[in-house]
Amino acid sequence: MTKPLPTDVQVAIIGGGIVGCATAYHLAKAGWSVALLERKKLTSGTTWHAAGLVSETQGVPVMTALAKYGLDLMEALEDETGQNTGFKRNGSMTVALNDARMEELRRKVDYAHGCGIRAEEIGLAEAQERWPLLSIDGAKGAFWFPGDGYTNPIDTTMALAKGARMNGAQIFEDTLVSRVVIEGGRAVGVETEQGLIRAEHVVNATGMWAREFGLTHGVQIPLHYTNHYYVVTDPIEGVTGDLPVLRVMDEYAYYKEDAGKLLIGCSEPNATPWLPENGLPESFEFDELPCDEEHLYPILEAAMERVPALAESGIRKFFNGPECFTPDAKHYLGPITDVKGYWVAAGFNSTGIQNGPGAGKALAEWIMYGHMTMDLTDVDSRRIVPGLNARSYTATKAAETLGHAYAMHWPYLRKSQARGLRRTPYYTQLRDAGAQFGSANGWERPLYYGREMTDGFGREPWFDDWKAEHEALRNDLGLIDLTFGRFILDGAGAEAQLQKLCGADMAVAPGALVYTHMFNEQRGDRGGCDRRAPVCDALSGDGLGRGRTADRKLAEIRCRGIRRQRGERDSGRGDAGGDGAAVARLPDRTYRRGSVERGLPLWHLAEPACGTCAGAGAADHLCGRAGLGTACPGGVRAAGV
């Protein structure tokens, strides 16, 4: 007999992988009513075939804290639920084959110490003692992370699901959600074949389905799925249950004990997206993808040199399973900006087992408290750019993300794929002036003018070019492009509202620039600030040519605006807190002026007035020399830039 669905819950979670189950677990433990809905069986998407590697050390301290929490939870779940997780804290070891990797890993050790994580550089003899099958030929050094390990993804997910049920969560398998019900810009429930479940909050934890499923109700979640390979050997003598995880990133491989066998995983530099002709098959459940064995040969050949016992062992299993990756290699966690009550936890870049439990905790707290309980800026889903969700783009970037997983992680790494999608009106002039570009959210952004950027951890040759940029800004003049979203806070009470919202003193003369944080609603009891640090610019009303008086303070806010902070839409006008203050969206363009021929950076300046060069000779000094107008500010505006 089919278990009847509830009619009302506080949170409906779509997706029964480790992330969805972890979110349900933490919400249920806090006493919230939860329904988790899985289209097939729990773990049947990408969770079931994960290798299960777990590591304490992540890219930023808060992610490291969450990862450590996740490992500790895995260690405790069996006692709590009676469900074995297969978790082993055997440690992990990374072998470096060149000086650059040695430097990277030494920095990682220092960072780990700063986060309270145990890590150390060890000698090659000790590395071989910890991993007796290892050949150290060509190796430069090794690094030991004793708190790491691995777990069984299915068992761990089942333990989280059991813990959720023990605390009142309802979990439904073979229950397809056909749509998220959105009314008046708010998610109010989910529709299934058995009927509607009304919910105060809806969580999209559908993994590799997140993009396609989101599009069915107008929500953008840019990610894509790739081919992701590993092989499992026949049993090998000496492969014991206490063997640590071994990573040889310079050979794009990791090694994990698997019941007396070795599982050898690949993060190959020439990764490929999976491109099913008609999208994800509806029948997909515990499925494998065709395995291109030749694609793996370079990695396996290196593996046989690194672990000579492999030359005498057979390969029991070639495996290819889909994993989903995001364009910027960070998962999405948090609210969807344009739909209230809609949350996402997806795009874990093949680290869902490692990061899932912590992500479930962080998202559950965000839902319950209505705000972040920790700094999740690194993975905040509100960074999503809807225009960067074309399948061709997400597929290309997903493969690039996987290809960079074991590549060198240089401080100023520039991704090369799908570049040039978003350019300001001045891209060509800047390029011709010698700009070296980086990319952010698809935008081409000039980093400096001069020699081509090279990779390294030390002082690179182009550092002097960058230094010249800073000195020019300090001692001469420059501008930055603001071809991004801007907002105007307008009205008699605008200044008072800004004084309330901002940490800095906003009572400044028109034309002044103020860099400030904006407080969130917890500024009183939690001392919170908004995660963004907007640039606010007090402008003269006359500068906009709308008949406003010069003493009326306006504010240009480079952020998602007060309207989004209060949950309103960007377009149109509306109340921003009373006292006659209102917010309006400006066009996504601005005026750029700069001394291009001198190689100066084009730093941000308020649009459209130029308080610095508005005096006599301005056209010759700045705007005219840039070739963007004949006078400042009127000539620039008249030139139609």
# chains A, B, ... in the order shown; residues from 1 in each chain; ligands from 1

$ residues_around --residues "Lys256 (chain A)" --least-positions-apart "2" --cutoff "12 Å" --atoms "only C-alpha atoms" --output "PyMOL selection string"
chain A and resi 51-54+88+90-93+131+149-152+230-233+239-248+253-254+258-266

$ atom_distance --atom1 "CA of Thr47 (chain A)" --atom2 "CA of Phe318 (chain A)"
17.9 Å

$ atom_distance --atom1 "CA of Asp137 (chain A)" --atom2 "CA of Tyr406 (chain A)"
19.9 Å

$ select_by_dssp --residues "region 373-450 of chain A" --states "strand (DSSP E or B)" --output "PDB file with N, CA and C atoms, in the first residue's frame"
ATOM      1  N   ASP A 380      27.377  30.920  -2.118  1.00  0.00           N
ATOM      2  CA  ASP A 380      26.048  31.532  -2.100  1.00  0.00           C
ATOM      3  C   ASP A 380      25.395  31.426  -3.477  1.00  0.00           C
ATOM      4  N   ARG A 422      30.874  38.116 -22.242  1.00  0.00           N
ATOM      5  CA  ARG A 422      30.326  39.403 -21.792  1.00  0.00           C
ATOM      6  C   ARG A 422      31.467  40.425 -21.813  1.00  0.00           C
ATOM      7  N   ALA A 435      45.782  45.474 -22.422  1.00  0.00           N
ATOM      8  CA  ALA A 435      45.191  44.919 -21.206  1.00  0.00           C
ATOM      9  C   ALA A 435      45.317  43.403 -21.190  1.00  0.00           C
ATOM     10  N   GLN A 436      45.626  42.875 -20.017  1.00  0.00           N
ATOM     11  CA  GLN A 436      45.581  41.439 -19.772  1.00  0.00           C
ATOM     12  C   GLN A 436      44.290  41.151 -19.010  1.00  0.00           C
ATOM     13  N   PHE A 437      43.478  40.245 -19.543  1.00  0.00           N
ATOM     14  CA  PHE A 437      42.124  40.074 -19.035  1.00  0.00           C
ATOM     15  C   PHE A 437      41.989  38.844 -18.148  1.00  0.00           C
ATOM     16  N   GLY A 438      41.159  38.993 -17.134  1.00  0.00           N
ATOM     17  CA  GLY A 438      40.636  37.874 -16.379  1.00  0.00           C
ATOM     18  C   GLY A 438      39.146  37.783 -16.634  1.00  0.00           C
ATOM     19  N   SER A 439      38.493  36.803 -16.003  1.00  0.00           N
ATOM     20  CA  SER A 439      37.070  36.613 -16.239  1.00  0.00           C
ATOM     21  C   SER A 439      36.356  36.436 -14.911  1.00  0.00           C
ATOM     22  N   ALA A 440      35.190  37.076 -14.784  1.00  0.00           N
ATOM     23  CA  ALA A 440      34.362  36.935 -13.587  1.00  0.00           C
ATOM     24  C   ALA A 440      32.905  36.972 -14.014  1.00  0.00           C
ATOM     25  N   TRP A 443      32.183  38.066 -17.463  1.00  0.00           N
ATOM     26  CA  TRP A 443      32.697  39.373 -17.890  1.00  0.00           C
ATOM     27  C   TRP A 443      34.204  39.288 -18.131  1.00  0.00           C
ATOM     28  N   GLU A 444      34.654  39.928 -19.200  1.00  0.00           N
ATOM     29  CA  GLU A 444      36.085  40.113 -19.426  1.00  0.00           C
ATOM     30  C   GLU A 444      36.512  41.371 -18.684  1.00  0.00           C
ATOM     31  N   ARG A 445      37.423  41.183 -17.741  1.00  0.00           N
ATOM     32  CA  ARG A 445      37.847  42.310 -16.901  1.00  0.00           C
ATOM     33  C   ARG A 445      39.349  42.524 -17.038  1.00  0.00           C
ATOM     34  N   PRO A 446      39.775  43.746 -17.376  1.00  0.00           N
ATOM     35  CA  PRO A 446      41.214  44.004 -17.463  1.00  0.00           C
ATOM     36  C   PRO A 446      41.853  43.944 -16.077  1.00  0.00           C
ATOM     37  N   LEU A 447      42.927  43.174 -15.969  1.00  0.00           N
ATOM     38  CA  LEU A 447      43.638  43.049 -14.700  1.00  0.00           C
ATOM     39  C   LEU A 447      44.754  44.083 -14.583  1.00  0.00           C
ATOM     40  N   TYR A 448      45.455  44.281 -15.673  1.00  0.00           N
ATOM     41  CA  TYR A 448      46.526  45.275 -15.719  1.00  0.00           C
ATOM     42  C   TYR A 448      46.937  45.413 -17.184  1.00  0.00           C
ATOM     43  N   TYR A 449      47.819  46.350 -17.461  1.00  0.00           N
ATOM     44  CA  TYR A 449      48.324  46.571 -18.809  1.00  0.00           C
ATOM     45  C   TYR A 449      49.805  46.233 -18.830  1.00  0.00           C
TER      46      TYR A 449
END

$ atom_distance --atom1 "CA of Pro235 (chain A)" --atom2 "CA of Leu300 (chain A)"
16.8 Å

$ closest_residue --among "A:Tyr69, A:Val181, A:Leu489, A:Glu173" --to "Lys3 (chain A)" --atoms "only C-alpha atoms"
A:Glu173

$ residues_around --residues "Lys41 (chain A)" --least-positions-apart "3" --cutoff "10 Å" --atoms "only C-alpha atoms" --output "CSV table (one decimal) with C-alpha atoms, in the first residue's frame"
chain,number,residue,atom,x,y,z
A,15,GLY,CA,16.1,14.8,-4.3
A,16,GLY,CA,17.2,11.8,-2.3
A,17,GLY,CA,21.0,12.0,-2.6
A,37,LEU,CA,10.7,13.3,-2.4
A,38,GLU,CA,12.9,11.1,-4.6
A,44,SER,CA,20.2,6.5,-7.5
A,45,GLY,CA,21.5,9.6,-9.3
A,172,PHE,CA,9.0,9.1,-0.2
A,173,GLU,CA,10.8,7.1,-2.9
A,174,ASP,CA,9.4,6.6,-6.5
A,175,THR,CA,7.6,9.9,-6.1
A,285,GLU,CA,18.6,5.1,-12.1
A,286,PHE,CA,21.8,3.6,-10.9

$ residues_around --residues "Glu312 (chain A)" --least-positions-apart "2" --cutoff "12 Å" --atoms "only C-alpha atoms" --output "ChimeraX atom specification"
/A:233-237,304-305,307-310,314-315

$ write_last_selection --atoms "all heavy atoms" --output "mmCIF file, in the first residue's frame"
data_model
loop_
_atom_site.group_PDB
_atom_site.id
_atom_site.type_symbol
_atom_site.label_atom_id
_atom_site.label_comp_id
_atom_site.auth_asym_id
_atom_site.auth_seq_id
_atom_site.Cartn_x
_atom_site.Cartn_y
_atom_site.Cartn_z
ATOM 1 N N THR A 233 40.576 -2.699 -9.602
ATOM 2 C CA THR A 233 41.464 -3.801 -9.958
ATOM 3 C C THR A 233 40.964 -5.124 -9.379
ATOM 4 O O THR A 233 40.024 -5.161 -8.579
ATOM 5 C CB THR A 233 42.880 -3.543 -9.418
ATOM 6 O OG1 THR A 233 42.865 -3.655 -7.980
ATOM 7 C CG2 THR A 233 43.378 -2.160 -9.819
ATOM 8 N N ASP A 234 41.626 -6.194 -9.779
ATOM 9 C CA ASP A 234 41.479 -7.454 -9.066
ATOM 10 C C ASP A 234 42.146 -7.308 -7.699
ATOM 11 O O ASP A 234 42.907 -6.348 -7.465
ATOM 12 C CB ASP A 234 42.154 -8.585 -9.853
ATOM 13 C CG ASP A 234 41.393 -8.945 -11.118
ATOM 14 O OD1 ASP A 234 40.162 -8.728 -11.142
ATOM 15 O OD2 ASP A 234 42.030 -9.421 -12.084
ATOM 16 N N PRO A 235 41.881 -8.233 -6.782
ATOM 17 C CA PRO A 235 42.555 -8.170 -5.473
ATOM 18 C C PRO A 235 44.076 -8.153 -5.636
ATOM 19 O O PRO A 235 44.640 -8.839 -6.499
ATOM 20 C CB PRO A 235 42.087 -9.443 -4.776
ATOM 21 C CG PRO A 235 40.755 -9.732 -5.398
ATOM 22 C CD PRO A 235 40.893 -9.325 -6.841
ATOM 23 N N ILE A 236 44.734 -7.334 -4.813
ATOM 24 C CA ILE A 236 46.184 -7.176 -4.858
ATOM 25 C C ILE A 236 46.739 -7.442 -3.469
ATOM 26 O O ILE A 236 46.265 -6.874 -2.473
ATOM 27 C CB ILE A 236 46.575 -5.762 -5.318
ATOM 28 C CG1 ILE A 236 46.058 -5.489 -6.736
ATOM 29 C CG2 ILE A 236 48.084 -5.564 -5.255
ATOM 30 C CD1 ILE A 236 46.312 -4.074 -7.216
ATOM 31 N N GLU A 237 47.748 -8.280 -3.386
ATOM 32 C CA GLU A 237 48.382 -8.562 -2.102
ATOM 33 C C GLU A 237 49.025 -7.283 -1.559
ATOM 34 O O GLU A 237 49.720 -6.571 -2.281
ATOM 35 C CB GLU A 237 49.449 -9.647 -2.276
ATOM 36 C CG GLU A 237 50.076 -10.091 -0.958
ATOM 37 C CD GLU A 237 51.072 -11.212 -1.151
ATOM 38 O OE1 GLU A 237 51.189 -11.739 -2.280
ATOM 39 O OE2 GLU A 237 51.749 -11.559 -0.162
ATOM 40 N N MET A 304 50.698 2.473 -13.486
ATOM 41 C CA MET A 304 51.475 1.228 -13.393
ATOM 42 C C MET A 304 52.928 1.492 -13.030
ATOM 43 O O MET A 304 53.597 0.638 -12.435
ATOM 44 C CB MET A 304 51.366 0.457 -14.705
ATOM 45 C CG MET A 304 50.021 -0.233 -14.875
ATOM 46 S SD MET A 304 49.939 -1.366 -16.275
ATOM 47 C CE MET A 304 49.892 -0.212 -17.648
ATOM 48 N N GLU A 305 53.429 2.673 -13.371
ATOM 49 C CA GLU A 305 54.770 3.065 -12.933
ATOM 50 C C GLU A 305 54.766 3.473 -11.459
ATOM 51 O O GLU A 305 55.694 3.167 -10.711
ATOM 52 C CB GLU A 305 55.282 4.222 -13.795
ATOM 53 C CG GLU A 305 55.432 3.899 -15.263
ATOM 54 C CD GLU A 305 56.598 2.957 -15.526
ATOM 55 O OE1 GLU A 305 57.562 2.952 -14.731
ATOM 56 O OE2 GLU A 305 56.531 2.208 -16.522
ATOM 57 N N VAL A 307 52.548 2.522 -9.097
ATOM 58 C CA VAL A 307 52.231 1.358 -8.255
ATOM 59 C C VAL A 307 52.556 0.125 -9.094
ATOM 60 O O VAL A 307 51.690 -0.412 -9.812
ATOM 61 C CB VAL A 307 50.743 1.363 -7.838
ATOM 62 C CG1 VAL A 307 50.431 0.187 -6.910
ATOM 63 C CG2 VAL A 307 50.379 2.684 -7.155
ATOM 64 N N PRO A 308 53.790 -0.340 -9.054
ATOM 65 C CA PRO A 308 54.225 -1.426 -9.948
ATOM 66 C C PRO A 308 53.395 -2.695 -9.852
ATOM 67 O O PRO A 308 53.296 -3.446 -10.841
ATOM 68 C CB PRO A 308 55.670 -1.679 -9.483
ATOM 69 C CG PRO A 308 56.117 -0.355 -8.929
ATOM 70 C CD PRO A 308 54.902 0.215 -8.267
ATOM 71 N N ALA A 309 52.742 -2.932 -8.716
ATOM 72 C CA ALA A 309 51.924 -4.139 -8.577
ATOM 73 C C ALA A 309 50.775 -4.155 -9.580
ATOM 74 O O ALA A 309 50.230 -5.230 -9.898
ATOM 75 C CB ALA A 309 51.378 -4.238 -7.150
ATOM 76 N N LEU A 310 50.412 -3.004 -10.100
ATOM 77 C CA LEU A 310 49.320 -2.953 -11.065
ATOM 78 C C LEU A 310 49.674 -3.663 -12.371
ATOM 79 O O LEU A 310 48.783 -4.134 -13.095
ATOM 80 C CB LEU A 310 48.945 -1.494 -11.372
ATOM 81 C CG LEU A 310 48.294 -0.697 -10.246
ATOM 82 C CD1 LEU A 310 48.104 0.753 -10.664
ATOM 83 C CD2 LEU A 310 46.967 -1.315 -9.863
ATOM 84 N N GLY A 314 44.935 -7.564 -12.854
ATOM 85 C CA GLY A 314 43.945 -7.286 -13.870
ATOM 86 C C GLY A 314 43.011 -6.165 -13.441
ATOM 87 O O GLY A 314 42.958 -5.781 -12.269
ATOM 88 N N ILE A 315 42.289 -5.612 -14.410
ATOM 89 C CA ILE A 315 41.273 -4.606 -14.136
ATOM 90 C C ILE A 315 39.918 -5.311 -14.102
ATOM 91 O O ILE A 315 39.483 -5.907 -15.087
ATOM 92 C CB ILE A 315 41.263 -3.502 -15.209
ATOM 93 C CG1 ILE A 315 42.617 -2.809 -15.280
ATOM 94 C CG2 ILE A 315 40.142 -2.494 -14.926
ATOM 95 C CD1 ILE A 315 43.008 -2.060 -14.045
#

$ select_by_dssp --residues "region 167-390 of chain A" --states "alpha helix (DSSP H)" --output "PyMOL selection string"
chain A and resi 210-215+293-306+352-369

$ closest_residue --among "A:Glu212, A:Glu129, A:Asp148, A:Glu103" --to "Ser178 (chain A)" --atoms "only C-alpha atoms"
A:Glu212

$ closest_residue --among "A:Lys29, A:Arg316, A:His295, A:Arg211" --to "Ala395 (chain A)" --atoms "only C-alpha atoms"
A:Arg211

$ closest_residue --among "A:Thr351, A:Thr206, A:Asn167, A:Thr337" --to "Gly20 (chain A)" --atoms "only C-alpha atoms"
A:Thr206

$ residues_around --residues "Gly370 (chain A)" --least-positions-apart "2" --cutoff "12 Å" --atoms "only C-alpha atoms" --output "VMD selection string"
chain A and resid 201 334 to 335 340 to 341 343 362 to 368 372 to 373 520 to 522 566 to 567

$ write_last_selection --atoms "N, CA, C and O atoms" --output "mmCIF file, in the first residue's frame"
data_model
loop_
_atom_site.group_PDB
_atom_site.id
_atom_site.type_symbol
_atom_site.label_atom_id
_atom_site.label_comp_id
_atom_site.auth_asym_id
_atom_site.auth_seq_id
_atom_site.Cartn_x
_atom_site.Cartn_y
_atom_site.Cartn_z
ATOM 1 N N HIS A 201 8.717 26.200 2.355
ATOM 2 C CA HIS A 201 10.015 26.246 1.693
ATOM 3 C C HIS A 201 10.148 25.021 0.795
ATOM 4 O O HIS A 201 9.724 23.920 1.169
ATOM 5 N N GLY A 334 21.790 27.901 -0.984
ATOM 6 C CA GLY A 334 21.076 29.076 -0.502
ATOM 7 C C GLY A 334 19.822 29.366 -1.294
ATOM 8 O O GLY A 334 19.311 28.521 -2.030
ATOM 9 N N PRO A 335 19.306 30.582 -1.170
ATOM 10 C CA PRO A 335 18.042 30.937 -1.821
ATOM 11 C C PRO A 335 18.230 31.296 -3.283
ATOM 12 O O PRO A 335 19.301 31.719 -3.713
ATOM 13 N N LYS A 340 10.853 33.629 -3.706
ATOM 14 C CA LYS A 340 10.929 33.499 -2.254
ATOM 15 C C LYS A 340 10.590 32.070 -1.837
ATOM 16 O O LYS A 340 9.724 31.424 -2.427
ATOM 17 N N GLY A 341 11.275 31.606 -0.832
ATOM 18 C CA GLY A 341 10.989 30.279 -0.313
ATOM 19 C C GLY A 341 11.545 29.146 -1.147
ATOM 20 O O GLY A 341 11.275 27.975 -0.868
ATOM 21 N N TRP A 343 14.934 27.208 -2.492
ATOM 22 C CA TRP A 343 16.330 27.029 -2.102
ATOM 23 C C TRP A 343 16.986 25.995 -3.009
ATOM 24 O O TRP A 343 16.316 25.127 -3.558
ATOM 25 N N ALA A 362 24.311 23.671 7.022
ATOM 26 C CA ALA A 362 24.324 25.110 6.740
ATOM 27 C C ALA A 362 23.012 25.560 6.112
ATOM 28 O O ALA A 362 22.463 26.613 6.478
ATOM 29 N N LEU A 363 22.480 24.772 5.165
ATOM 30 C CA LEU A 363 21.243 25.163 4.510
ATOM 31 C C LEU A 363 20.063 25.071 5.471
ATOM 32 O O LEU A 363 19.189 25.955 5.475
ATOM 33 N N ALA A 364 20.029 24.042 6.283
ATOM 34 C CA ALA A 364 18.931 23.911 7.251
ATOM 35 C C ALA A 364 18.889 25.111 8.187
ATOM 36 O O ALA A 364 17.815 25.668 8.467
ATOM 37 N N GLU A 365 20.046 25.548 8.662
ATOM 38 C CA GLU A 365 20.081 26.697 9.562
ATOM 39 C C GLU A 365 19.665 27.971 8.838
ATOM 40 O O GLU A 365 18.963 28.817 9.404
ATOM 41 N N TRP A 366 20.075 28.112 7.594
ATOM 42 C CA TRP A 366 19.701 29.292 6.815
ATOM 43 C C TRP A 366 18.186 29.341 6.642
ATOM 44 O O TRP A 366 17.557 30.401 6.776
ATOM 45 N N ILE A 367 17.578 28.198 6.347
ATOM 46 C CA ILE A 367 16.123 28.141 6.196
ATOM 47 C C ILE A 367 15.433 28.474 7.518
ATOM 48 O O ILE A 367 14.487 29.277 7.565
ATOM 49 N N MET A 368 15.902 27.903 8.593
ATOM 50 C CA MET A 368 15.228 28.062 9.886
ATOM 51 C C MET A 368 15.363 29.478 10.434
ATOM 52 O O MET A 368 14.402 30.043 10.965
ATOM 53 N N MET A 372 22.059 33.554 6.855
ATOM 54 C CA MET A 372 23.237 32.713 7.046
ATOM 55 C C MET A 372 23.630 32.687 8.520
ATOM 56 O O MET A 372 23.628 33.722 9.185
ATOM 57 N N THR A 373 24.012 31.528 9.013
ATOM 58 C CA THR A 373 24.573 31.441 10.360
ATOM 59 C C THR A 373 26.095 31.371 10.311
ATOM 60 O O THR A 373 26.747 31.262 11.352
ATOM 61 N N ASN A 520 22.812 43.775 7.737
ATOM 62 C CA ASN A 520 21.609 42.973 7.545
ATOM 63 C C ASN A 520 20.719 43.124 8.778
ATOM 64 O O ASN A 520 21.008 43.921 9.672
ATOM 65 N N GLU A 521 19.664 42.356 8.842
ATOM 66 C CA GLU A 521 18.704 42.528 9.928
ATOM 67 C C GLU A 521 19.254 42.084 11.277
ATOM 68 O O GLU A 521 18.674 42.391 12.310
ATOM 69 N N GLN A 522 20.376 41.369 11.279
ATOM 70 C CA GLN A 522 20.935 40.867 12.534
ATOM 71 C C GLN A 522 22.025 41.773 13.095
ATOM 72 O O GLN A 522 22.756 41.378 13.986
ATOM 73 N N ARG A 566 15.452 43.307 0.739
ATOM 74 C CA ARG A 566 14.130 43.214 1.358
ATOM 75 C C ARG A 566 13.216 42.245 0.611
ATOM 76 O O ARG A 566 12.019 42.210 0.840
ATOM 77 N N GLY A 567 13.828 41.465 -0.315
ATOM 78 C CA GLY A 567 13.059 40.426 -0.965
ATOM 79 C C GLY A 567 12.195 40.890 -2.104
ATOM 80 O O GLY A 567 11.316 40.171 -2.550
#

$ closest_atom_pairs --of "region 146-258 of chain A" --to "region 21-27 of chain A" --cutoff "7 Å" --atoms "only C-alpha atoms" --output "JSON lines"
{"residue": "A:Thr157", "atom": "CA", "partner": "A:Cys21", "partner_atom": "CA", "distance": 6.5}
{"residue": "A:Leu160", "atom": "CA", "partner": "A:Ala22", "partner_atom": "CA", "distance": 5.8}
{"residue": "A:Ala161", "atom": "CA", "partner": "A:Cys21", "partner_atom": "CA", "distance": 5.4}
{"residue": "A:Gly163", "atom": "CA", "partner": "A:Tyr25", "partner_atom": "CA", "distance": 6.0}
{"residue": "A:Ala164", "atom": "CA", "partner": "A:Tyr25", "partner_atom": "CA", "distance": 4.0}
{"residue": "A:Ala169", "atom": "CA", "partner": "A:Ala24", "partner_atom": "CA", "distance": 6.8}

$ residues_around --residues "Ser392 (chain A)" --least-positions-apart "3" --cutoff "12 Å" --atoms "only C-alpha atoms" --output "list of chain:residue names"
A:Pro222, A:Leu223, A:His224, A:Tyr225, A:Pro273, A:Trp274, A:Leu275, A:Pro327, A:Leu388, A:Asn389, A:Ala395, A:Thr396, A:Lys397, A:Ala398, A:Ala399, A:Gln417, A:Ala418

$ write_last_selection --atoms "C-alpha atoms" --output "short mmCIF file (atom, residue, chain, number, x, y, z; two decimals), in the first residue's frame"
data_model
loop_
_atom_site.label_atom_id
_atom_site.label_comp_id
_atom_site.auth_asym_id
_atom_site.auth_seq_id
_atom_site.Cartn_x
_atom_site.Cartn_y
_atom_site.Cartn_z
CA PRO A 222 23.88 26.65 -14.32
CA LEU A 223 25.60 23.26 -14.11
CA HIS A 224 26.23 20.26 -16.31
CA TYR A 225 27.22 16.62 -16.09
CA PRO A 273 30.95 16.52 -20.89
CA TRP A 274 28.22 13.94 -21.17
CA LEU A 275 25.83 15.12 -23.89
CA PRO A 327 31.21 26.88 -14.22
CA LEU A 388 25.07 32.01 -18.30
CA ASN A 389 22.85 28.95 -18.36
CA ALA A 395 28.77 21.77 -20.69
CA THR A 396 32.02 23.40 -21.76
CA LYS A 397 32.67 24.92 -18.34
CA ALA A 398 31.77 21.69 -16.51
CA ALA A 399 34.44 19.78 -18.42
CA GLN A 417 37.15 28.04 -21.94
CA ALA A 418 34.04 29.99 -23.03
#

$ residues_around --residues "Glu191 (chain A)" --least-positions-apart "3" --cutoff "7 Å" --atoms "only C-alpha atoms" --output "list in words"
Val177, Ser178, Arg179, Val180, Val181, Gly195, Leu196 and Ile197 of chain A

$ closest_residue --among "A:Arg414, A:Lys68, A:Arg382, A:Arg165" --to "Arg118 (chain A)" --atoms "only C-alpha atoms"
A:Lys68
